[in-house]
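What follows is a set of notes on a single structure, which appears directly below.
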Amino acid sequence: MANLNQDTIVAISTGTSSGAISIVRLSGSNAIKIADQIFSTAKNKTASNLTPRMLTLGTVKTSAFNEQALCVVFKAPFTYTGEDLVEFQCHGGTQIANGIMKECIKLGARLATNGEFTKRAFLNGKMTLSSAEGMIDMINAESDAEVRAGFKLLSGNLSKLAFDAADELTDILSEIEVSFDYPEETIEFITKANVKERLSALSSKIGEVLKTAKAGSLIKSGINVLIVGKPNVGKSSLLNFLLQKERAIVTDVAGTTRDTIEDSFLLDDIKVNLIDTAGIHDTADKVEKIGVDKAKNLIKQADIVLFLVDSSRNFSKEDAEIFDSIQNSKYIVLKTKSDLETKNDKIFENEILISTATGSGVNELKAKILELTQISSIPADSVVITNERHKDALARAKQALDQAAENISADTLDLVSIDIKEAYNAIGEITGNTTSEEIIDAIFKKFCLGK
């Protein structure tokens, strides 16, 4: 991998919009030297004379203007990037920060690429690849649950699991190598029995973590909840009630909603993506039929389907057909308009009586959504897989470990060694120890400029 430490990089770390302050960040072997040429205090101290990690007020001089700013110096290796690092905190806005950045470039720095500061932190051993991914998850989070999951990654929960697993695999491999050098039956028997037990234990541990992947995916992307039913059963009213705003038009005219309407709300700090659909029924209206077909196709993609039945009307043939179409999905049956006289006496599993006029049944619905996704059953301190890359790496590691345990029983230790190395490489992709340069580059391109 290319050595990035030869360059000194600079970028604005606070974005380009107007604000109270802006931060310009320099990192690299010449960061302090460049800062010396543009910053000085009232007592003529330059950046190299400042006490590390202490903000100092002074003047930044550029070819276009002077600016009163704060400067802080961090000296390698005790910095975010592992290199000498300087930050200028100047007045907000775009022009001042851009002017300071351009002056730094004129003096020998180059503009950083997306995520390059964090990439240098990874390359210099200041964080693992999964910790860096946790950081970008926190930055992009749209719910408190996403922030918490990102922080767990950033804090190294998954990295610790990966490092512990890698150490265990290294020990097992060394024992197998001993059995190759000393192939006496007693030594080999002890090695095989012990190694198989350890491989199985490690596989089980990874398997438990993999079980959180579905819930982790929902935490990161949100729970996709599809609202289906006949026309005029209260789908749009439910959407508006859950969102606490008038998102969909509600009328007594059947077929008012002709296309999907999507919006989201937070449920116990977890994002819920609501999708209201056109009422499913036979129709000659060409436009309405497109909406109906779209609703039917979305059933297969939803995490949870809310099937609405009007409790003030008898259960109809159209209701039955819609109900049949959701049998392969996780669903909740909502008997709407429960504040009116009930005529629908059909009993369903996962049935909730609900009224958007009074709000009855809504809390029960919210609890049922969380129950069906099993998010609430995950212990707060457990490792949760929210990243598809991590899920794939762990799945491949587990498969290799299971294969290794099987090969031990077949008396082929050379194959066992190959399988264990495969598991080790898969585990190493999480921390970045065995990850290709292309994947690393792709991960850090997701970061914003200046991070």
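All residue names refer to the structure tokens as shown: chains lettered A, B, ... in order, residues numbered from 1 in each chain, ligands numbered from 1 in order.
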Pick out the residues sitting within 10 Å of Ala64 of chain A, and hand them over as a ChimeraX atom specification; count only C-alpha atoms, and ignore anything fewer than 5 positions along from it in its own chain. /A:96,99-100,103
Output file for the residues above (N, CA and C atoms, as a PDB file, in the first residue's frame):
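Okay, part13.pdb is ready:
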```pdb
ATOM      1  N   ILE A  96     -13.100  32.614   4.882  1.00  0.00           N
ATOM      2  CA  ILE A  96     -11.939  32.633   5.775  1.00  0.00           C
ATOM      3  C   ILE A  96     -11.256  31.273   5.792  1.00  0.00           C
ATOM      4  N   GLY A  99      -9.533  30.530   2.574  1.00  0.00           N
ATOM      5  CA  GLY A  99      -8.311  31.312   2.415  1.00  0.00           C
ATOM      6  C   GLY A  99      -7.144  30.713   3.182  1.00  0.00           C
ATOM      7  N   ILE A 100      -7.392  30.244   4.411  1.00  0.00           N
ATOM      8  CA  ILE A 100      -6.335  29.596   5.208  1.00  0.00           C
ATOM      9  C   ILE A 100      -5.898  28.293   4.554  1.00  0.00           C
ATOM     10  N   GLU A 103      -3.737  28.947   1.551  1.00  0.00           N
ATOM     11  CA  GLU A 103      -2.398  29.393   1.939  1.00  0.00           C
ATOM     12  C   GLU A 103      -1.532  28.192   2.329  1.00  0.00           C
TER      13      GLU A 103
END
```
Do a neighbour search on Gly222 of chain A at 8 Å with only C-alpha atoms, toss out local chain neighbours closer than 6 positions, and write the hits as a ChimeraX atom specification. /A:270-273
From a DSSP pass on the backbone, collect the residues of segment 72-268 of chain A flagged as strand (DSSP E or B) and hand them back as a ChimeraX atom specification. /A:72-74,85-91,110-111,223-229,261-267
Could you give me, as JSON lines, every segment 94-172 of chain A residue with an atom at most 9 Å from segment 13-21 of chain A, plus its closest atom pair and distance in Å to one decimal, counting only C-alpha atoms, rows ordered by chain then number?
```
{"residue": "A:Thr94", "atom": "CA", "partner": "A:Thr16", "partner_atom": "CA", "distance": 5.5}
{"residue": "A:Ala97", "atom": "CA", "partner": "A:Thr16", "partner_atom": "CA", "distance": 8.5}
{"residue": "A:Asn98", "atom": "CA", "partner": "A:Thr16", "partner_atom": "CA", "distance": 8.7}
```
Do a neighbour search on segment 69-85 of chain A at 9 Å with only C-alpha atoms, toss out local chain neighbours closer than 4 positions, and write the hits as a ChimeraX atom specification. /A:5,25-32,35,39,47-48,50-60,89-91,117-126
Shell around Lys398 of chain A at 12 Å using only C-alpha atoms, local window under 2 positions removed, as an MDAnalysis selection string: chainID A and resid 165 199:210 391:396 400:405 419:420 422:427
Could those residues be written to a file, using C-alpha atoms, as a PDB file, in the first residue's frame?
```pdb
ATOM      1  CA  ALA A 165     -10.355 -15.013  17.478  1.00  0.00           C
ATOM      2  CA  LEU A 199     -12.617 -24.739  16.824  1.00  0.00           C
ATOM      3  CA  SER A 200     -16.204 -25.654  17.698  1.00  0.00           C
ATOM      4  CA  ALA A 201     -16.290 -23.173  20.596  1.00  0.00           C
ATOM      5  CA  LEU A 202     -15.000 -20.372  18.364  1.00  0.00           C
ATOM      6  CA  SER A 203     -17.487 -21.272  15.625  1.00  0.00           C
ATOM      7  CA  SER A 204     -20.348 -21.160  18.154  1.00  0.00           C
ATOM      8  CA  LYS A 205     -19.220 -17.762  19.439  1.00  0.00           C
ATOM      9  CA  ILE A 206     -19.146 -16.329  15.916  1.00  0.00           C
ATOM     10  CA  GLY A 207     -22.504 -17.947  15.206  1.00  0.00           C
ATOM     11  CA  GLU A 208     -24.078 -16.141  18.175  1.00  0.00           C
ATOM     12  CA  VAL A 209     -22.802 -12.808  16.867  1.00  0.00           C
ATOM     13  CA  LEU A 210     -24.089 -13.585  13.367  1.00  0.00           C
ATOM     14  CA  LYS A 391     -21.449 -10.236   8.279  1.00  0.00           C
ATOM     15  CA  ASP A 392     -19.886 -11.744   5.156  1.00  0.00           C
ATOM     16  CA  ALA A 393     -16.429 -11.998   6.759  1.00  0.00           C
ATOM     17  CA  LEU A 394     -17.775 -13.689   9.894  1.00  0.00           C
ATOM     18  CA  ALA A 395     -19.930 -16.086   7.850  1.00  0.00           C
ATOM     19  CA  ARG A 396     -16.907 -17.162   5.809  1.00  0.00           C
ATOM     20  CA  ALA A 400     -14.014 -22.416   7.385  1.00  0.00           C
ATOM     21  CA  LEU A 401     -13.962 -23.284  11.108  1.00  0.00           C
ATOM     22  CA  ASP A 402     -16.755 -25.835  10.671  1.00  0.00           C
ATOM     23  CA  GLN A 403     -14.879 -27.334   7.726  1.00  0.00           C
ATOM     24  CA  ALA A 404     -11.700 -27.497   9.807  1.00  0.00           C
ATOM     25  CA  ALA A 405     -13.489 -29.361  12.599  1.00  0.00           C
ATOM     26  CA  ASP A 419      -9.160 -24.105   6.619  1.00  0.00           C
ATOM     27  CA  ILE A 420      -7.861 -22.356   9.741  1.00  0.00           C
ATOM     28  CA  GLU A 422      -8.863 -19.214   5.589  1.00  0.00           C
ATOM     29  CA  ALA A 423     -10.791 -18.410   8.779  1.00  0.00           C
ATOM     30  CA  TYR A 424      -7.897 -16.257  10.006  1.00  0.00           C
ATOM     31  CA  ASN A 425      -7.892 -14.240   6.767  1.00  0.00           C
ATOM     32  CA  ALA A 426     -11.662 -13.737   6.920  1.00  0.00           C
ATOM     33  CA  ILE A 427     -11.469 -12.544  10.539  1.00  0.00           C
TER      34      ILE A 427
END
```
